[in-house]
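See below for the structure under consideration.
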Amino acid sequence: MTQYLVKEGVKNLIHPDEQLITTHCCYCGMQCGMHIRVHKKTGKVVGVEPRYDWPVTRGKMCPKGVTAYQTIEHKDRILRPLIKKNGKFVEASWEEALDLIEKNFKRIQAEYGKDALAVFGGVSMTNEKCYLVGKYARVALGTRFIDYNGRFCMSSAAGGFLKTLGIDRGSTLPWTELEHTDCFFMAGTNTAECHPTSIQWFWRAKDKGAKLIVADPRETPTARVADVHLDLKPGTDSALANGIMHLLIKEGYVDEEYVNERCNNYEELKAMVEKFTPEYTAKITGVAPEKIVKAAHIYGRSPRSVVMFARGAEQQSKGVDNVSLYTSMALLRGQIGKFASGVATFTGQGNGQGGREHGQKSDLLPGYRKITDPEAVKYISSIWGIKPEDMPGPGVSAYEMFDEIHKGTIRAMHVICSNPAVSAPNLEYIWEGLRKLDFLVVNDFFLSETAEFADVVLPATTWAEDEGTTTNLEGRVIRIRKVREPLGEAKPDWMILSKIAERMGKGKHFQYNSAREIFDELRLASKGGKADYYGITYERIDKEDGVFWPCPSEDHPGTPTMFKEKFGTPDGKANLAVVDWEPAGEEPTEEYPHYLTTGRVVFHYLSGNQTRRVDFLKEQCPVPYAEMHPELASQYRLSNGDLVKLTTKRSSMVLEVRLTKAIRKDTVFVPYHWGKELAVNQLTSACLDPVSRMPEFKVCAVKLEKVSAKEVKAQ
Amino acid sequence: MRKIMYLEFERCIGCRSCQAACRECGGHEAKERNYVEYVDFMESRQTYPMLCMQCKDPACARVCPANAIQITEEGVVLSAMEEKCIGCRNCTFGCPFGIPKFDFEANKMYKCDMCYDRSKYDIAPMCASVCPSDAIRFIDFDEMQALRRRRAQMNLVEGKKPQEGNKWEYVPEFFGVYTD
Amino acid sequence: MQRLEKSFYSKTSMYAFFVTLVLFFTVWIGTGKFQHIDMALLGYLLSSFIFAIGLTVRMCSWLLRPATYQVVKRSLKNLKDKKRVKRNIISILKTAFENIFLQKFIFKRGIYRGVQHFLIAWGCIGSFAITFGLTFGWMRFDLVDSDTYQIVVMDLPTITMKAHGIFAEMIYNGLNITAVMVLVGVCMALARRIVDKDVKVTQRFEFDLFPLYLLLAVTVSGLLLTVSYTFLDGWMHHYITLIHQITVVVMLVYFPFGKLFHLPIRPLATAVPMNYQEEWKVDTRPCKKCGATYSSDEQIEDVKGILQAQNFDLQLADGSFLADYCPACRRRMRVMKQLNMEAPKGNPYGPIQTLNGIQISGFGKKRSDEFYNIPKEEEKVH
């Protein structure tokens with residue numbers, strides 16, 4: 001059977017001694033299609049070939065995607081289990097490692113109760129694995145403490161969508177429709193750097209005359225060509241959205257029929273946005289009033305528009321509010337559920353969409369079921385073969401798990417596919433927590449910063465050594481293929497989890513021989529839930545270029561466009577957000593007079609554990625830097641390449657200055673992909689959103705200080 | 001109809017995929033041969049991709065004392081032939097676009113060959129295949145003509161004449177690569 | 001000189017004539033006025049003459065290229081320059097040793113390739129030296145007594161040696177040794193060209209593979225000769241001789257016109273340290289725009305000269321030449337010109353604009369308010 005999928009008339013370069021295996025990129029939510037080149041005789045991965053016929057990305061790849069294959073056989077791969085002895089890692093056999101885990105897990109649970117164990121998951125892995133992490137925590141370990149790194153990434157979008165639309169699917173429309181859109185309103189998204197392959201759709205739309213409105217404190221490559229760039233202060237998105245809605249209502253751009261028929265709260269919303277005049281909004285956001293007016297007219301007059309946002313708006317203590325307000329903007333214009341229009345978030349992690357649907361979240365069970373709902377618990381218990389009363393209750397969010405560690409409630413942790421030692425905010429607190437743990441197990445294929453704290457590191461496989469499905473940022477379920485046999489003694493996460501489950505005496509619930517069997521169980525578990533995967537099969541994915549959930553039966557065509565008739569709320573109506581603006585958790589003060597905001601660069605992915613090891617990416621961006629406006633810099637006598645000490649209430653770090661006029665004069669930007677002393681998350685604020693429990697990475701107050709290289713060395 | 005390369009600088013988002021992809025090409029020995037540079041990072045994030053224009057009458061070949069730069073029948077200007085190249089770098093300084101690169105260690109010049117292993121079969125070169133912004137495209141000659149016509153039209157609508165003549169002032173006749 | 005040149009059809013034919021004449025003269029001397037001419041080598045002798053003529057013709061046409069001419073002219077000028085004696089000597093010695101003898105740069109491209117090329121190169125050069133020495137009669141062995149041979153060079157007796165001594169064996173087997181070197185090298189090269197698909201991208205049969213097969217044929221037939229008379233009592237010796245002779249003739253005739261011609265042009269590499277770059281990897285000339293060093297004055301002068309000679313000077317409106325700018329600035333100029341933004345529009349001291357107003361639909365274009373159909377102020381009041 002061939003693993004190479006190609007449509008008629010599409011030519012790829014295939015060397016006679018190689019074969020192509022069709023799969024998707026391992027990194028962000030775009031999940032770009034690609035073929036991996038494998039040497040026929042040796043089975044080794046030799047390169048990558050564009051998948052020209054993948055409808056979402058058309059063969060396009062970002063530099064991370066092009067070099068993704070280089071991580072598979074990378075020299076830094078962990079090939080055997082590692083056990084820490086006297087502070088040093090020593091290679092061990094699987095038996096030894098599992099013995100140690102079994103001994104410690106059982107001891108700790110006997111001493112401190114079931115909930116003394118915690119599982120910290122991640123969503124850069126397949127649906128099958130994400131699903132199993134939830135089941136592993138609840139069935140094999142029986143703990144209520146499970147959460148995942150999506151709390152640092154997607155949970156505000158999820159919270160906002162659930163609140164307004166009732167169902168959390170990242171995009172209400174398929175991205176292939178984007179080229180027909182007339183206007184994009186993008187907030188807090190550095191699309192060109194974070195989801196580069198989506199740019200083709202925006203540029204194509206732009207070729208047809210589409211307008212672009214970008215709200216971002218920096219003039220990102222996307223904002224550079226925007227028709228209006230709303231250079232707002234970090235943390236003022238809710239004011240901006242309210243301001244735009246004020247104008248939409250005032251200028252009569254509201255689709256009254258749609259709003260009356262399909263939305264709640266319109267009158268309350270009207271009352272709320274009354275005070276958000278352009279002048280008032282301008283005062284809060286720092287954007288010129290003319291620009292707000294112009295943006296509102298352009299947006300209001302476009303027949304088809306899409307409101308899009310990403311971490312910039314979401315990683316705030318008002319993340320859920322921001323998302324629901326921006327979503328309300330789309331609702332006021334009557335855009336959701338129609339052709340080439342709607343609302344979308346740029347999912348950050350590879351499987352950020354699928355991973356949050358199937359029970360890795362502290363309060364969710366597979367199929368987006370609430371763990372507090374007794375019916376859901378009953379149904380899932382029946383699938384898992386446990387008693388409903390054995391199902392643990394809801395736990396706490398990712399960051400709050402570290403509070404529990406400090407309190408002594410959580411004594412041991414199993415980190416899977418995540419690197420909180422880089423990606424969590426207020427890192428010194430996190431590091432202290434990791435050190436405090438009695439026992440830490442980490443699954444990874446590279447020795448991440450978190451893994452360095454571990455007592456046992458289990459060698460996991462890369463994405464290319466196992467098959468499975470992921471769900472891309474559109475909500476399209478797609479298929480990842482196995483490209484080669486696992487390297488060394490590495491095992492896929494699902495196999496590792498099953499083995500530990502067996503040791504914990506729950507082996508009968510984890511009898512899997514392949515990822516496909518897990519997917520079949522997942523289909524059943526999600527059946528009838530909001531994120532219904534029941535009708536999706538591997539064969540359909542291949543045949544139909546992926547299937548959009550919800551897809552309740554095998555003859556259901558899937559749902560590319562959401563909310564065509566009704567919304568996912570109990571009454572089928574969308575809830576317009578009625579939220580006032582509130583300042584961020586930490587605003588500049590006299591002592592800390594400027595904003596610090598963090599973000600990504602195009603060359604690195606998340607905590608950089610993979611991308612910092614790839615030569616090309618490392619060469620392009622080896623270390624973080626502090627980007628600022630020359631006007632701000634001159635107040636501190638800083639010029640390009642100087643060293644600056646950034647201090648927040650939590651910690652301080654020294655970085656090289658990079659000057660550009662393409663950023664607000666009161667804001668400093670630092671990319672976050674590095675660990676240890678290079679991690680900007682030492683400085684970031686852990687102020688959590690009250691609903692989504694998302695930390696406020698994007699806003700905190702900072703103090704600048706010029707330092708010389710000599711001073712830094714002396715320290 | 002043979003396909004050609006078409007560059008639109010304004011579309012570039014500076015992701016440098018084309019450079020990563022260039023390293024993947026057969027015979028490129030994991031060294032990129034194209035460029036992505038900032039116009040001026042202090043002022044704006046505008047970047048541009050640059051690659052060999054595949055001149056019909058290449059200056060690099062004219063200034064090569066070893067006669068090492070050859071043109072294929074498809075019109076692709078190849079890197080200096082390794083056995084002939086004496087490592088003088090005249091090509092780098094003769095090229096009006098500053099394209100040829102030089103490997104001091106291996107003592108040889110290398111330059112964009114439009115991924116000859118792909119383009120000779122009419123498969124898009126790696127840089128054009130992966131470019132997420134379509135700043136680099138591998139398209140039919142007619143499609144390029146249409147794009148440029150439309151561009152000229154848009155400019156006229158805006159009341160400005162495209163200064164075509166001015167643009168091509170020092171540009172020799174091209175094969176293959178067109179820019180706008 | 002000019003009058004002499006005029007009596008020939010062209011410069012090239014003049015050189016070819018003199019080369020033939022000189023060679024003929026050396027043969028005359030070497031063979032003691034044709035007394036010791038080896039009739040068995042007559043075919044080789046003839047083809048060697050053709051080889052010499054071909055090589056002269058190719059060298060001439062190569063030197064006539066403006067680029068080559070300019071570089072050689074400067075090299076000769078610099079060689080005569082008394083102030084540069086030290087630099088010249090160092091350049092020549094260094095190039096001769098590292099570049100030509102050791103072929104260091106090829107080893108940097110890969111050990112395998114280095115070994116392969118080293119074997120072929122020195123095998124070939126050794127074979128040529130021995131073959132030409134014998135065919136032109138520059139060198140021969142005379143029997144002094146039953147146990148002693150004497151080497152006669154240019155008809156002048158030199159050292160004597162024992163007929164079966166180690167030194168003698170090495171001399172007799174010289175060709176065999178060089179042939180084995182070539183054979184191993186050629187096999188390595190062929191293997192690489194079969195296995196490595198990257199090499200195949202630009203390889204052409206007639207240019208890259210034919211010379212390898214030719215060398216293979218020459219060495220194999222030559223070695224078979226040795227095998228035939230040493231181990232097989234001269235079995236098939238006559239035919240093998242004939243085959244070997246044919247292959248050698250083909251190679252000698254082909255040599256000046258194919259890939260192997262890179263051998264005689266290699267010494268030009270001396271020009272790089274001698275004329276352009278005294279210290280490896282160190283540039284001295286600053287770019288006219290950004291000031292970064294990118295080349296040397298002499299080299300840029302040469303590049304300009306070469307282009308001027310071909311009416312292709314790439315001069316800009318302000319009188320400067322493109323060669324005056326570093327490659328990075330040239331790329332930027334190209335792009336800015338393309339965007340019609342060579343100089344900042346309006347205020348020349350203002351910030352650089354990347355939005356020029358003539359781009360397609362929104363790409364950096366500032367669009368007029370009519371485009372957005374935004375209502376006028378008075379409308380908005382209502």
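Scheme for the structure tokens: letters A, B, ... for chains in order shown; per-chain residue numbers from 1; ligand numbers from 1 in order shown.
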Next on the checklist: Please identify all residues of chain A having at least one atom at most 9 Å from any atom of chain C, considering only C-alpha atoms, and return them as a ChimeraX atom specification.
Outcome noted: /A:15,203,206-212,224-227,251,294,297-298,301
Next on the checklist: What's around region 443-458 of chain A at 7 Å? Count only C-alpha atoms, leave out sequence neighbours fewer than 4 positions away in its own chain, and write the answer as a PyMOL selection string.
Outcome noted: chain A and resi 76-78+81-84+97+415-417+419-422+434-435+439+462+609+675
Item to check | Residues near Phe141 (chain C), cut-off 10 Å, only C-alpha atoms, skip fewer than 3 positions along chain, as a PyMOL selection string | outcome: chain C and resi 134+144+148-153+157-158+160+172
Which residues of chain B come within 10 Å of chain A, and for each one, what is the closest pair of atoms and their distance in Å to one decimal, counting only C-alpha atoms, sorted by chain and residue number, as CSV?
residue,atom,partner,partner_atom,distance
B:Glu10,CA,A:Val225,CA,8.6
B:Arg11,CA,A:Trp203,CA,7.4
B:Cys12,CA,A:Pro221,CA,8.5
B:Ile13,CA,A:Pro221,CA,5.7
B:Gly14,CA,A:Pro221,CA,7.8
B:Cys15,CA,A:Val602,CA,6.1
B:Arg16,CA,A:Pro63,CA,6.2
B:Ser17,CA,A:Pro63,CA,4.1
B:Cys18,CA,A:Pro63,CA,7.6
B:Gln19,CA,A:Pro63,CA,7.9
B:Ala20,CA,A:Pro63,CA,5.5
B:Ala21,CA,A:Val66,CA,6.1
B:Cys22,CA,A:Val66,CA,9.7
B:Arg23,CA,A:Phe616,CA,9.0
B:Glu24,CA,A:Gly47,CA,7.0
B:Cys25,CA,A:Gly47,CA,9.3
B:Ala30,CA,A:Phe616,CA,9.5
B:Lys31,CA,A:Phe616,CA,9.7
B:Glu32,CA,A:Phe616,CA,9.8
B:Asp40,CA,A:Thr660,CA,9.0
B:Phe41,CA,A:Thr660,CA,6.1
B:Met42,CA,A:Thr660,CA,4.0
B:Glu43,CA,A:Lys661,CA,5.4
B:Ser44,CA,A:Ala662,CA,5.7
B:Arg45,CA,A:Pro221,CA,5.8
B:Gln46,CA,A:Pro221,CA,6.9
B:Thr47,CA,A:Pro221,CA,8.8
B:Asp117,CA,A:Leu13,CA,8.4
B:Arg118,CA,A:Leu13,CA,6.6
B:Ser119,CA,A:Leu13,CA,9.8
B:Tyr121,CA,A:Leu13,CA,8.5
B:Asp122,CA,A:Lys11,CA,8.6
B:Ile123,CA,A:Lys11,CA,6.5
B:Ala124,CA,A:Asn12,CA,9.0
B:Met126,CA,A:Pro50,CA,8.0
B:Cys127,CA,A:Lys60,CA,9.5
B:Ala128,CA,A:Lys60,CA,8.7
B:Ser129,CA,A:Lys60,CA,6.1
B:Val130,CA,A:Lys60,CA,3.9
B:Cys131,CA,A:Lys60,CA,5.8
B:Pro132,CA,A:Thr197,CA,4.6
B:Ser133,CA,A:Gln200,CA,4.8
B:Asp134,CA,A:Gln200,CA,6.5
B:Ala135,CA,A:Gln200,CA,9.4
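For the atom pair formed by CA of Asn107 (chain B) and CA of Arg58 (chain C), the distance is 24.5 Å, given to one decimal.
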Checklist entry - In chain B, what's strand (DSSP E) per DSSP? Answer as a PyMOL selection string? => result chain B and resi 3-7+35-38+47-50+101-103+108-110+136-140+177-179
Checklist entry - Between CA of Asn176 (chain C) and CA of Asp233 (chain C), what is the spacing in Å? => result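 Distance reported for this atom pair: 17.7 Å.
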